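Asks: My file is start_32.txt. It has compact mmCIF, C-alpha atoms:
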```
# COMPACT_ATOMS: atom_id res chain seq x y z
CA MET L 1 -45.22 -4.61 -16.17
CA SER L 2 -44.73 -1.20 -17.81
CA PHE L 3 -44.59 2.21 -16.15
CA LEU L 4 -45.30 5.69 -17.49
CA VAL L 5 -43.96 8.63 -15.51
CA ILE L 6 -45.22 12.10 -16.47
CA GLY L 7 -43.34 15.14 -15.26
CA GLU L 8 -40.42 17.50 -15.27
CA CYS L 9 -36.71 17.13 -15.80
CA VAL L 10 -34.51 19.65 -13.98
CA ALA L 11 -30.78 20.29 -13.99
CA ASP L 12 -29.80 20.40 -10.31
CA ILE L 13 -26.87 22.77 -9.71
CA VAL L 14 -25.71 21.61 -6.29
CA ARG L 15 -23.95 24.29 -4.24
CA ALA L 16 -21.60 23.04 -1.56
CA PRO L 17 -21.91 24.50 1.96
CA ALA L 18 -20.21 27.89 2.33
CA GLY L 19 -16.61 27.60 3.40
CA SER L 20 -16.31 23.94 2.44
CA GLY L 21 -13.96 24.64 -0.46
CA ALA L 22 -15.90 22.25 -2.70
CA SER L 23 -17.06 23.11 -6.23
CA ASP L 24 -20.62 23.28 -7.51
CA ARG L 25 -21.87 20.08 -9.18
CA VAL L 26 -24.51 19.67 -11.90
CA HIS L 27 -26.74 16.59 -11.61
CA PRO L 28 -29.70 15.47 -13.72
CA GLY L 29 -32.81 15.88 -11.57
CA GLY L 30 -36.50 16.64 -11.32
CA SER L 31 -38.63 14.45 -9.07
CA PRO L 32 -40.55 12.55 -11.80
CA ALA L 33 -37.37 12.10 -13.84
CA ASN L 34 -35.64 10.74 -10.74
CA VAL L 35 -38.46 8.26 -10.17
CA ALA L 36 -38.23 7.08 -13.78
CA TYR L 37 -34.47 6.78 -13.46
CA GLY L 38 -34.82 4.79 -10.24
CA LEU L 39 -37.24 2.39 -11.90
CA GLY L 40 -34.86 1.99 -14.81
CA ARG L 41 -31.99 1.24 -12.42
CA LEU L 42 -34.18 -1.49 -10.92
CA GLY L 43 -34.67 -3.03 -14.36
CA ARG L 44 -38.24 -1.90 -14.95
CA ASP L 45 -39.81 -1.06 -18.33
CA VAL L 46 -40.36 2.68 -17.96
CA THR L 47 -41.20 5.65 -20.19
CA LEU L 48 -40.87 9.29 -19.13
CA LEU L 49 -43.16 11.85 -20.78
CA THR L 50 -41.50 15.21 -20.23
CA GLN L 51 -40.22 18.39 -21.81
CA LEU L 52 -36.57 18.97 -22.66
CA ALA L 53 -34.71 21.63 -24.60
CA ASP L 54 -31.99 20.81 -27.11
CA ASP L 55 -29.29 22.39 -24.97
CA PRO L 56 -26.30 21.02 -23.02
CA THR L 57 -28.24 20.28 -19.84
CA GLY L 58 -31.13 18.78 -21.79
CA ARG L 59 -28.76 16.44 -23.59
CA LEU L 60 -27.04 15.60 -20.29
CA ILE L 61 -30.36 14.67 -18.68
CA GLU L 62 -31.55 12.62 -21.66
CA ALA L 63 -28.27 10.65 -21.78
CA HIS L 64 -28.52 10.05 -18.03
CA LEU L 65 -32.05 8.66 -18.34
CA THR L 66 -31.50 6.54 -21.42
CA GLY L 67 -28.35 5.15 -19.82
CA ALA L 68 -30.62 3.55 -17.21
CA GLY L 69 -32.95 2.17 -19.88
CA VAL L 70 -35.62 4.88 -19.61
CA ARG L 71 -37.45 5.75 -22.84
CA VAL L 72 -37.76 9.54 -23.04
CA GLU L 73 -40.79 10.97 -24.85
CA VAL L 74 -40.55 14.75 -25.30
CA GLY L 75 -44.03 16.25 -25.29
CA ASP L 76 -42.81 19.84 -25.47
CA VAL L 77 -39.53 21.62 -26.28
CA PRO L 78 -39.00 24.71 -24.08
CA LEU L 79 -36.53 27.49 -24.78
CA ARG L 80 -34.17 26.09 -22.13
CA THR L 81 -34.08 23.08 -19.87
CA PRO L 82 -35.31 23.96 -16.36
CA SER L 83 -32.72 24.27 -13.62
CA ALA L 84 -32.61 24.47 -9.85
CA VAL L 85 -29.85 25.78 -7.63
CA VAL L 86 -29.62 23.31 -4.75
CA GLY L 87 -28.19 24.65 -1.52
CA LEU L 88 -26.87 22.20 1.07
CA ASP L 89 -26.61 22.94 4.76
CA ALA L 90 -24.01 21.42 7.06
CA ARG L 91 -26.16 18.24 7.42
CA GLY L 92 -26.51 17.78 3.66
CA GLN L 93 -30.16 18.91 3.74
CA ALA L 94 -31.18 20.38 0.38
CA SER L 95 -33.08 23.58 -0.44
CA TYR L 96 -34.02 24.69 -3.98
CA THR L 97 -34.26 27.86 -6.08
CA PHE L 98 -35.87 27.23 -9.48
CA ASP L 99 -35.63 28.66 -12.99
CA MET L 100 -38.32 26.84 -14.91
CA ALA L 101 -41.67 26.82 -16.67
CA TRP L 102 -43.91 23.82 -17.27
CA THR L 103 -45.69 23.96 -20.62
CA LEU L 104 -46.23 20.31 -21.59
CA THR L 105 -48.68 20.00 -24.49
CA GLY L 106 -48.14 16.55 -26.01
CA GLY L 107 -49.61 13.40 -24.50
CA ALA L 108 -48.35 9.85 -24.29
CA PRO L 109 -47.49 8.16 -27.61
CA ALA L 110 -50.33 6.38 -29.37
CA GLY L 111 -50.41 2.72 -28.47
CA LEU L 112 -48.60 3.13 -25.15
CA ALA L 113 -50.63 1.20 -22.57
CA PRO L 114 -48.84 1.36 -19.21
CA ALA L 115 -49.92 -0.77 -16.28
CA HIS L 116 -49.00 2.04 -13.90
CA VAL L 117 -48.82 5.85 -14.21
CA HIS L 118 -46.81 8.01 -11.81
CA ILE L 119 -47.24 11.80 -11.58
CA GLY L 120 -45.93 14.39 -9.21
CA SER L 121 -44.19 17.52 -8.10
CA ILE L 122 -44.10 20.68 -10.21
CA ALA L 123 -45.61 19.10 -13.31
CA ALA L 124 -48.84 18.02 -11.63
CA VAL L 125 -49.80 21.45 -10.27
CA THR L 126 -48.15 24.11 -12.47
CA ALA L 127 -50.11 25.68 -15.34
CA PRO L 128 -50.35 25.34 -18.22
CA GLY L 129 -48.69 21.91 -18.42
CA ALA L 130 -50.53 20.47 -15.42
CA ALA L 131 -53.71 20.31 -17.50
CA THR L 132 -51.99 17.84 -19.85
CA VAL L 133 -50.70 15.76 -16.93
CA LEU L 134 -54.16 15.46 -15.38
CA ALA L 135 -55.90 14.77 -18.71
CA GLU L 136 -53.47 11.96 -19.52
CA THR L 137 -53.78 10.52 -16.03
CA GLU L 138 -57.58 10.53 -16.17
CA ARG L 139 -57.49 8.87 -19.59
CA LEU L 140 -54.99 6.17 -18.65
CA ARG L 141 -56.28 5.32 -15.17
CA GLU L 142 -59.18 3.35 -16.66
CA ARG L 143 -56.64 0.56 -17.24
CA ALA L 144 -53.68 1.60 -15.08
CA THR L 145 -53.06 2.17 -11.41
CA VAL L 146 -51.83 5.65 -10.47
CA SER L 147 -49.36 7.02 -7.93
CA TYR L 148 -48.66 10.61 -6.89
CA ASP L 149 -45.95 12.43 -4.94
CA PRO L 150 -46.67 16.14 -4.34
CA ASN L 151 -42.97 16.86 -3.62
CA VAL L 152 -43.94 20.40 -2.66
CA ARG L 153 -41.80 23.29 -3.88
CA PRO L 154 -43.36 26.30 -2.07
CA GLU L 155 -41.94 28.99 -4.36
CA LEU L 156 -43.68 27.37 -7.35
CA MET L 157 -46.99 26.45 -5.71
CA GLY L 158 -48.76 29.81 -6.00
CA GLU L 159 -51.59 30.82 -3.68
CA HIS L 160 -51.83 28.38 -0.80
CA GLU L 161 -55.53 27.51 -0.86
CA GLU L 162 -55.50 26.92 -4.61
CA ALA L 163 -52.33 24.83 -4.30
CA VAL L 164 -53.97 22.59 -1.69
CA ALA L 165 -56.98 22.11 -3.96
CA ARG L 166 -54.72 21.12 -6.88
CA VAL L 167 -52.82 18.65 -4.72
CA GLU L 168 -56.04 17.11 -3.41
CA ARG L 169 -57.33 16.66 -6.95
CA CYS L 170 -54.21 14.63 -7.74
CA VAL L 171 -54.64 12.65 -4.52
CA ALA L 172 -58.20 11.79 -5.54
CA LEU L 173 -56.98 10.46 -8.91
CA SER L 174 -54.44 8.15 -7.27
CA ASP L 175 -54.32 4.65 -5.85
CA LEU L 176 -51.06 5.30 -3.99
CA VAL L 177 -49.79 8.59 -2.58
CA LYS L 178 -46.40 9.32 -1.01
CA ALA L 179 -45.63 12.61 0.74
CA SER L 180 -42.95 13.84 3.11
CA ASP L 181 -43.71 15.33 6.50
CA GLU L 182 -42.30 18.59 5.11
CA ASP L 183 -44.82 18.49 2.23
CA LEU L 184 -47.67 18.02 4.67
CA ALA L 185 -46.42 20.74 7.01
CA TRP L 186 -46.56 23.27 4.18
CA LEU L 187 -49.92 22.10 2.85
CA TYR L 188 -51.62 21.78 6.27
CA PRO L 189 -49.72 23.81 8.89
CA GLY L 190 -50.10 22.55 12.41
CA GLU L 191 -51.73 19.22 11.50
CA GLU L 192 -50.20 15.88 12.34
CA PRO L 193 -49.04 13.85 9.29
CA HIS L 194 -51.10 10.87 10.46
CA THR L 195 -54.26 13.02 10.49
CA VAL L 196 -53.66 14.35 6.99
CA ALA L 197 -52.86 10.89 5.62
CA ALA L 198 -56.09 9.50 7.07
CA ARG L 199 -58.07 12.33 5.47
CA TRP L 200 -56.39 11.71 2.12
CA LEU L 201 -57.43 8.06 2.28
CA ALA L 202 -61.04 9.24 2.30
CA LEU L 203 -60.44 10.99 -1.05
CA GLY L 204 -59.79 7.67 -2.77
CA PRO L 205 -56.26 6.23 -2.51
CA ALA L 206 -55.79 2.70 -1.20
CA VAL L 207 -52.42 3.52 0.41
CA VAL L 208 -50.85 6.72 1.74
CA LEU L 209 -47.16 6.76 2.66
CA VAL L 210 -45.45 9.46 4.70
CA THR L 211 -41.67 9.82 4.81
CA ARG L 212 -40.08 11.49 7.84
CA GLY L 213 -36.40 11.59 6.97
CA ALA L 214 -34.22 10.10 9.69
CA ASP L 215 -37.38 9.38 11.72
CA GLY L 216 -38.53 6.71 9.26
CA SER L 217 -41.82 6.35 7.44
CA LEU L 218 -45.51 5.53 7.83
CA ALA L 219 -47.96 3.51 5.71
CA LEU L 220 -51.70 3.97 6.12
CA THR L 221 -54.56 2.02 4.58
CA ARG L 222 -58.19 1.77 5.65
CA HIS L 223 -57.28 -1.20 7.82
CA HIS L 224 -53.69 -0.67 8.96
CA THR L 225 -51.23 1.94 10.17
CA VAL L 226 -47.60 0.78 10.06
CA ALA L 227 -44.36 2.56 10.96
CA ALA L 228 -40.77 1.71 10.03
CA GLU L 229 -37.45 3.09 11.19
CA ALA L 230 -34.97 4.60 8.74
CA PRO L 231 -31.62 2.84 8.32
CA ARG L 232 -28.75 4.79 9.86
CA VAL L 233 -26.18 6.01 7.34
CA ASP L 234 -23.71 8.87 6.93
CA VAL L 235 -25.54 11.49 4.85
CA VAL L 236 -23.73 13.13 1.92
CA ASP L 237 -26.83 14.95 0.72
CA THR L 238 -30.59 14.36 0.62
CA VAL L 239 -31.07 15.08 -3.10
CA GLY L 240 -33.39 12.47 -4.63
CA ALA L 241 -33.97 10.49 -1.43
CA GLY L 242 -37.76 10.68 -1.61
CA ASP L 243 -37.70 9.80 -5.29
CA SER L 244 -35.59 6.70 -4.61
CA PHE L 245 -38.08 5.75 -1.90
CA MET L 246 -40.90 6.14 -4.46
CA SER L 247 -39.12 4.08 -7.13
CA ALA L 248 -38.55 1.23 -4.68
CA VAL L 249 -42.20 1.34 -3.61
CA LEU L 250 -43.40 1.12 -7.21
CA ASP L 251 -40.94 -1.67 -7.98
CA THR L 252 -42.09 -3.66 -4.96
CA LEU L 253 -45.79 -3.19 -5.77
CA ALA L 254 -45.42 -3.87 -9.51
CA GLY L 255 -48.28 -5.89 -10.93
CA ARG L 256 -50.71 -5.30 -8.06
CA GLY L 257 -54.01 -3.86 -9.19
CA ARG L 258 -56.43 -1.69 -7.25
CA ASP L 259 -58.03 -4.58 -5.38
CA ALA L 260 -54.64 -5.92 -4.32
CA LEU L 261 -53.52 -2.51 -3.08
CA ARG L 262 -56.64 -2.23 -0.94
CA GLY L 263 -55.88 -5.60 0.63
CA LEU L 264 -52.23 -5.10 1.63
CA GLY L 265 -51.53 -6.49 5.10
CA ALA L 266 -49.58 -4.92 7.94
CA GLU L 267 -46.58 -7.24 7.59
CA TYR L 268 -46.33 -6.59 3.87
CA LEU L 269 -46.56 -2.83 4.43
CA ALA L 270 -43.74 -2.99 6.99
CA GLY L 271 -41.53 -4.81 4.47
CA LEU L 272 -42.46 -2.28 1.79
CA LEU L 273 -41.39 0.62 4.02
CA ARG L 274 -38.13 -1.09 4.96
CA ARG L 275 -37.19 -1.77 1.34
CA ALA L 276 -38.07 1.75 0.22
CA GLY L 277 -36.23 3.21 3.21
CA THR L 278 -33.18 1.19 2.25
CA ALA L 279 -33.25 2.67 -1.27
CA ALA L 280 -33.44 6.18 0.20
CA ALA L 281 -30.59 5.42 2.62
CA VAL L 282 -28.32 4.26 -0.20
CA THR L 283 -29.14 7.44 -2.13
CA VAL L 284 -28.36 9.87 0.70
CA SER L 285 -25.04 8.13 1.29
CA ARG L 286 -23.72 9.46 -2.05
CA ALA L 287 -23.87 12.77 -3.92
CA GLY L 288 -26.87 13.64 -6.09
CA ALA L 289 -29.92 11.62 -7.06
CA GLN L 290 -28.13 8.29 -7.56
CA PRO L 291 -30.52 5.49 -6.56
CA PRO L 292 -29.36 1.89 -6.19
CA ASP L 293 -29.72 -0.80 -8.81
CA ARG L 294 -31.35 -4.09 -7.82
CA SER L 295 -28.18 -5.81 -6.63
CA GLU L 296 -27.18 -2.78 -4.53
CA LEU L 297 -30.65 -2.55 -3.04
CA ASP L 298 -30.75 -6.25 -2.15
CA ALA L 299 -27.26 -6.13 -0.61
CA ALA L 300 -28.04 -3.01 1.41
CA GLY L 301 -31.32 -4.50 2.58
CA GLN L 302 -29.50 -7.57 3.86
CA GLU L 303 -26.86 -5.44 5.58
CA PHE L 304 -29.46 -3.26 7.32
CA ALA L 305 -31.46 -6.32 8.36
CA VAL L 306 -28.40 -7.85 9.99
CA ARG L 307 -27.50 -4.57 11.63
CA SER L 308 -30.99 -4.18 13.07
CA GLY L 309 -31.09 -7.76 14.33
CA ARG L 310 -33.95 -8.91 12.08
CA VAL L 311 -31.69 -11.63 10.63
CA ARG L 312 -28.40 -13.12 11.85
```
Could you express the structure from this file as C-alpha cells?
Replies:
Amino acid sequence: MSFLVIGECVADIVRAPAGSGASDRVHPGGSPANVAYGLGRLGRDVTLLTQLADDPTGRLIEAHLTGAGVRVEVGDVPLRTPSAVVGLDARGQASYTFDMAWTLTGGAPAGLAPAHVHIGSIAAVTAPGAATVLAETERLRERATVSYDPNVRPELMGEHEEAVARVERCVALSDLVKASDEDLAWLYPGEEPHTVAARWLALGPAVVLVTRGADGSLALTRHHTVAAEAPRVDVVDTVGAGDSFMSAVLDTLAGRGRDALRGLGAEYLAGLLRRAGTAAAVTVSRAGAQPPDRSELDAAGQEFAVRSGRVR
C-alpha cells in the first residue's frame, strides 16, 4: 500500500504565550507534510510531492521528513521555504500568520502509482500551484482513492465565495474528506457541521469526518452517522493535531477501495474515530507536530480504552 501526499511544507515558528518566559521554537510543518510525516511514523510507504527551497529551513524540513521514511519529491524550488508564525494562547490553541507562496509546477515522478492520494490545505486552493495539485489528483484517481482536508487558513483563502467553490471542487474529487468544525464555520457561517457534512456527501465522497477538538469527532456516510469522544489529555499545544488524526485515519483505512469505503459499518467507523482521536491526543500532549509511531499509538489506545471503561 503506497501513499502520495501533495502539498506544502511550512516552517512553523511557534511563539510562546506572552509573559511565559519561554523561547520561540521552529518546527517543520505544513498540513500535507505533517500527514506524510505521520504516515511515515506509522511505517507506511509514503511520498510527498512538494516545493522546498535550498535554505536552512528547507533542509531542516527535508531531514525531518526523510528521518521518518518519507520520500520527498521537489516539484518546484521557491526563493525561500514558506514559514508561519504560530501564536499560542493560554490553552495551547494555535493561530497562524503566513509568509508563503504556492507555485508547484512539477507533477509526480513517472512510474509512481500510488494506491492513495492525499491533498489539502493551502496547496489545494492557492494559485498557481493548486492547478498542478488538481491535475495530478484527477489523473491519479483513476487508479487511486483520494482524501482531502481543507485545513482552512482564512488569510490565504481569498474571496469567500470563490474559496468555497474551490474547496467543494476538491471535495467532489475525493473519496474521504476530513474537516474541523472551525473549517466549516468559516466556509459556511451559521450552519451546523452535521448539515454541511451531509451536503458534502452528496458531492461524491463515501465518508466525511468532522473533528471538534475536545468535543470529539463525527463520521458520516450515506448510511451511518457516528460520534466519538476525544480522549482527555493535558494539552501542550494543538499544532498538527488534525494532521495526526488524518494520518491515523489513512493508516487504518489502508487498502480499502472505493466500494469498501462506501460499505463501512457504524462499529468500524466508531473504532476509526477512536484510533484517530488517540493519535491527535498524543500529538497535543507534546510540543509541535509530533505524531505517534505505531507502538505509541497502540499503547495510548489501550490506555484510553482502559480509562474509558471499554476494556478492563
Asks: Between L:Ala144, L:Leu134, L:Ala68, L:Val235, which one has atoms that come closest to Pro292 of chain L, using all atoms listed in the file?
Replies: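 For Pro292 of chain L, the nearest of the given residues is L:Ala68.
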Asks: Can you list, as a ChimeraX atom specification, every protein, DNA or RNA residue that comes within 9 Å of segment 251-253 of chain L when you count all atoms listed in the file, leaving out same-chain residues fewer than 4 positions away?
Replies: /L:39,42,44,246-247,257,261,272,275-276
Asks: Expressed in Å to a single decimal, how great is the separation between atom CA of Glu155 of chain L and atom CA of Leu49 of chain L?
Replies: 23.8 Å
Asks: When distances are computed from all atoms listed in the file, which of L:Arg286, L:Arg212, L:Arg71, L:Arg143 shows the smallest separation from Val5 of chain L?
Replies: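 Once distances to Val5 of chain L are computed over all atoms listed in the file, the minimum belongs to L:Arg71.
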Asks: How many Å separate atom CA of Ala198 of chain L from atom CA of Ala185 of chain L?
Replies: 14.8 Å
Asks: Hey, what's within 8 Å of Glu8 of chain L if we count only C-alpha atoms and toss same-chain stuff fewer than 2 positions away? As an NGL selection string, please?
Replies: :L and (6 or 10 or 30-33 or 50-51 or 102 or 122-123)
Asks: Could you take the residues named above and write them with C-alpha atoms, as a compact mmCIF listing (two decimals), in the frame of the given file?
Replies:
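Contents of result_13.txt, as written:
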```
# COMPACT_ATOMS: atom_id res chain seq x y z
CA ILE L 6 -45.22 12.10 -16.47
CA VAL L 10 -34.51 19.65 -13.98
CA GLY L 30 -36.50 16.64 -11.32
CA SER L 31 -38.63 14.45 -9.07
CA PRO L 32 -40.55 12.55 -11.80
CA ALA L 33 -37.37 12.10 -13.84
CA THR L 50 -41.50 15.21 -20.23
CA GLN L 51 -40.22 18.39 -21.81
CA TRP L 102 -43.91 23.82 -17.27
CA ILE L 122 -44.10 20.68 -10.21
CA ALA L 123 -45.61 19.10 -13.31
```
Asks: To one decimal place in Å, what is the distance between atom CA of Arg258 of chain L and atom CA of Val196 of chain L?
Replies: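 Atom-to-atom, atom CA of Arg258 of chain L and atom CA of Val196 of chain L are spaced 21.6 Å apart.
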